[in-house]
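K.L.:
Pasting structure_16.txt here (compact mmCIF, C-alpha atoms):
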```txt
# COMPACT_ATOMS: atom_id res chain seq x y z
CA MET A 1 147.22 -35.93 -31.53
CA HIS A 2 144.44 -35.96 -34.10
CA LEU A 3 143.59 -32.98 -36.26
CA VAL A 4 139.98 -33.14 -35.05
CA TYR A 5 140.67 -31.78 -31.55
CA PRO A 6 142.15 -28.40 -32.52
CA ALA A 7 139.71 -28.09 -35.42
CA VAL A 8 136.70 -28.54 -33.13
CA LEU A 9 138.18 -26.15 -30.58
CA ALA A 10 138.79 -23.58 -33.33
CA ALA A 11 135.22 -24.01 -34.60
CA LEU A 12 133.87 -23.42 -31.09
CA LEU A 13 136.05 -20.32 -30.65
CA PHE A 14 135.00 -18.97 -34.04
CA CYS A 15 131.29 -19.56 -33.34
CA THR A 16 131.61 -17.86 -29.95
CA GLY A 17 133.29 -14.88 -31.59
CA LEU A 18 130.68 -14.74 -34.35
CA TYR A 19 127.89 -14.76 -31.77
CA GLY A 20 129.65 -11.95 -29.92
CA VAL A 21 129.93 -9.84 -33.08
CA LEU A 22 126.29 -10.35 -34.03
CA ALA A 23 124.69 -10.08 -30.59
CA ARG A 24 126.70 -7.48 -28.70
CA ARG A 25 126.04 -3.75 -28.79
CA ASN A 26 129.16 -2.55 -27.00
CA ALA A 27 132.03 -1.76 -29.37
CA ILE A 28 134.72 -3.08 -27.03
CA LEU A 29 132.96 -6.44 -26.72
CA VAL A 30 132.68 -6.60 -30.51
CA LEU A 31 136.45 -6.02 -30.79
CA MET A 32 137.05 -8.80 -28.26
CA SER A 33 134.83 -11.11 -30.30
CA VAL A 34 136.80 -10.33 -33.44
CA GLU A 35 139.95 -11.25 -31.54
CA LEU A 36 138.39 -14.60 -30.62
CA MET A 37 137.67 -15.23 -34.29
CA LEU A 38 141.25 -14.37 -35.26
CA ASN A 39 142.60 -16.71 -32.57
CA ALA A 40 140.45 -19.51 -33.97
CA VAL A 41 141.97 -18.90 -37.40
CA ASN A 42 145.47 -18.91 -35.87
CA LEU A 43 144.76 -22.22 -34.16
CA ASN A 44 143.63 -23.73 -37.46
CA LEU A 45 146.72 -22.42 -39.25
CA VAL A 46 149.09 -23.96 -36.73
CA ALA A 47 147.19 -27.25 -36.49
CA PHE A 48 147.04 -27.74 -40.26
CA ASP A 49 150.67 -26.70 -40.61
CA VAL A 50 151.76 -29.37 -38.13
CA TRP A 51 149.51 -31.96 -39.76
CA LEU A 52 150.72 -31.19 -43.29
CA SER A 53 154.38 -31.05 -42.27
CA ARG A 54 154.12 -34.59 -40.86
CA THR A 55 152.60 -35.98 -44.04
CA ALA A 56 154.70 -34.11 -46.60
CA GLU A 57 158.02 -34.07 -44.74
CA ASP A 58 158.03 -30.30 -45.22
CA LYS A 59 160.10 -28.21 -42.83
CA LEU A 60 158.99 -24.81 -44.08
CA HIS A 61 156.22 -24.21 -41.49
CA SER A 62 154.46 -21.59 -43.57
CA GLY A 63 151.30 -21.84 -41.44
CA GLN A 64 153.19 -20.80 -38.35
CA ALA A 65 154.82 -17.90 -40.18
CA LEU A 66 151.40 -16.77 -41.40
CA THR A 67 150.15 -17.03 -37.82
CA LEU A 68 152.85 -14.60 -36.68
CA PHE A 69 151.75 -12.10 -39.33
CA THR A 70 148.12 -12.55 -38.25
CA ILE A 71 149.05 -11.91 -34.61
CA ALA A 72 150.91 -8.73 -35.59
CA ILE A 73 147.97 -7.49 -37.66
CA ALA A 74 145.55 -8.35 -34.84
CA ALA A 75 147.65 -6.36 -32.36
CA ALA A 76 147.63 -3.34 -34.66
CA GLU A 77 143.89 -3.75 -35.26
CA ILE A 78 143.06 -3.85 -31.57
CA GLY A 79 145.27 -0.83 -30.86
CA ILE A 80 143.68 1.29 -33.57
CA GLY A 81 140.21 -0.04 -32.80
CA LEU A 82 140.46 0.83 -29.12
CA ALA A 83 141.77 4.29 -29.96
CA ILE A 84 138.79 4.90 -32.26
CA VAL A 85 136.31 3.55 -29.70
CA LEU A 86 137.76 5.75 -26.94
CA ALA A 87 137.70 8.84 -29.17
CA VAL A 88 134.07 8.19 -30.14
CA HIS A 89 133.13 7.53 -26.52
CA ARG A 90 134.68 10.83 -25.44
CA ALA A 91 132.95 12.73 -28.25
CA ARG A 92 129.49 11.14 -28.05
CA GLY A 93 129.36 9.71 -24.54
CA THR A 94 128.42 6.18 -25.63
CA SER A 95 129.99 3.14 -27.21
CA ASP A 96 126.66 1.56 -28.18
CA ILE A 97 126.96 0.52 -31.82
CA ASP A 98 123.27 1.03 -32.65
CA LYS A 99 123.29 4.62 -31.39
CA LEU A 100 126.50 5.39 -33.26
CA ARG A 101 125.10 3.90 -36.46
CA ASP A 102 121.95 6.05 -36.19
CA THR A 103 123.93 9.26 -35.80
CA ALA A 104 126.19 8.38 -38.73
CA GLU A 105 123.31 7.75 -41.12
CA GLY A 106 121.56 10.99 -40.21
CA HIS A 107 118.29 9.49 -38.98
CA GLU A 108 116.13 12.05 -37.26
CA THR A 109 113.02 11.45 -35.23
CA ASP A 110 109.76 13.03 -36.33
CA GLY A 111 109.16 15.80 -33.87
CA PRO A 112 107.39 19.10 -33.67
CA GLY A 113 110.41 20.82 -35.24
CA SER A 114 109.95 19.07 -38.59
CA ASP A 115 109.56 21.52 -41.44
CA SER A 116 107.63 19.16 -43.74
CA ALA A 117 104.60 16.96 -43.40
CA GLY A 118 106.54 13.73 -43.77
CA GLY A 119 109.41 14.69 -41.48
CA ASP A 120 111.90 13.08 -43.84
CA GLY A 121 113.35 16.22 -45.38
CA THR A 122 111.28 16.10 -48.58
CA GLU A 123 108.67 18.63 -49.61
CA PRO A 124 104.96 17.77 -49.35
CA PRO A 125 103.04 17.14 -52.58
CA ALA A 126 101.63 20.09 -54.54
CA ALA A 127 98.03 19.36 -53.48
CA GLU A 128 98.96 19.72 -49.81
CA LYS A 129 100.77 23.00 -50.58
CA ALA A 130 97.64 24.37 -52.28
CA GLU A 131 95.43 23.39 -49.32
CA ALA A 132 97.87 24.97 -46.89
CA THR A 133 97.90 28.31 -48.73
CA ALA A 134 94.09 28.44 -49.22
```
Is it possible to express this structure as structure tokens?
P.N.:
Amino acid sequence: MHLVYPAVLAALLFCTGLYGVLARRNAILVLMSVELMLNAVNLNLVAFDVWLSRTAEDKLHSGQALTLFTIAIAAAEIGIGLAIVLAVHRARGTSDIDKLRDTAEGHETDGPGSDSAGGDGTEPPAAEKAEATA
């Protein structure tokens, strides 16, 4: 079997995962896309390990050993990631990444309850203060 077939399949998996990370808003779908990307890397590691072991007569199989470590790290990552997503969903009621990012950065909408003219937490210029007191 040629090296091109698993390399093309891994590239397609990685591009699908990258699209999922960039386009999705749901945190669970983003975690699944990251898993697709990690599986593409694992496929490349095994394919290149088999290809290099044929050419170099090497029996070490370091690519396959590294793949096992990557699978273990991916399992821990998905377990911790799902625990965090579930805790945030219970606390905030949503797993939408854009809404969670807005609450983390402290963005507030300009509403009638704003205490300054700009609504951004800064004080108005001195000229506006003088006009307001006059």
K.L.:
If the box runs along x, y and z of the file and leaves 5 Å on each side of range 12-20 of chain A, what are its centre and edge lengths in Å, one decimal, as AutoDock Vina command-line options?
P.N.:
```
--center_x 132.0 --center_y -17.7 --center_z -32.1 --size_x 18.2 --size_y 21.5 --size_z 14.4
```
K.L.:
Report, in Å to a single decimal, how far apart CA of Ala10 in chain A and CA of Arg54 in chain A are.
P.N.:
20.3 Å
K.L.:
Which residue is closest to Val34 in chain A? Choose from A:Ala7, A:Leu52, A:Met1, A:Ile78 and count only C-alpha atoms.
P.N.:
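When distances to Val34 in chain A are compared using only C-alpha atoms, the smallest one comes from A:Ile78.
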K.L.:
Find the residues with any atom within 12 Å of (139.8, -34.7, -35.9); use only C-alpha atoms and the coordinates as given in the file, and write the answer as an MDAnalysis selection string.
P.N.:
chainID A and resid 1:11 44 47:48 51
K.L.:
Within 9 Å of Val88 in chain A, counting all atoms listed in the file, which residues show up once you throw out same-chain ones fewer than 6 positions away? Write them as a list in words, please.
P.N.:
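Close residues of Val88 in chain A: Thr94, Ser95 and Leu100 of chain A.
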K.L.:
Find the residues near Thr67 in chain A: any atom within 10 Å, counting all atoms listed in the file, skip ones fewer than 6 places away on the same chain, and give them as number ranges by chain.
P.N.:
A: 38-39, 41-46, 73
K.L.:
With distances taken over only C-alpha atoms, which residue among A:Thr16, A:Ile28, A:Ala40, A:Ile71 lies nearest His89 in chain A?
P.N.:
A:Ile28
K.L.:
Have a look at A:Ala74, A:Leu36, A:Asp96, A:Ala27 and name the one nearest to Phe14 in chain A; count only C-alpha atoms.
P.N.:
A:Leu36
K.L.:
CA of Ile84 in chain A and CA of Ile97 in chain A, how far apart in Å?
P.N.:
12.6 Å
K.L.:
Mind giving me the straight-line distance from CA of Leu18 in chain A to CA of Glu35 in chain A in Å, one decimal?
P.N.:
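About the pair CA of Leu18 in chain A and CA of Glu35 in chain A: they are 10.3 Å apart.
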K.L.:
My list of candidates is A:Arg92, A:Ala87, A:Ala76, A:Asp98. Which is closest to Ala23 in chain A when distances are computed with all atoms listed in the file?
P.N.:
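Answer, going by the shortest atom-to-atom distance: A:Asp98.
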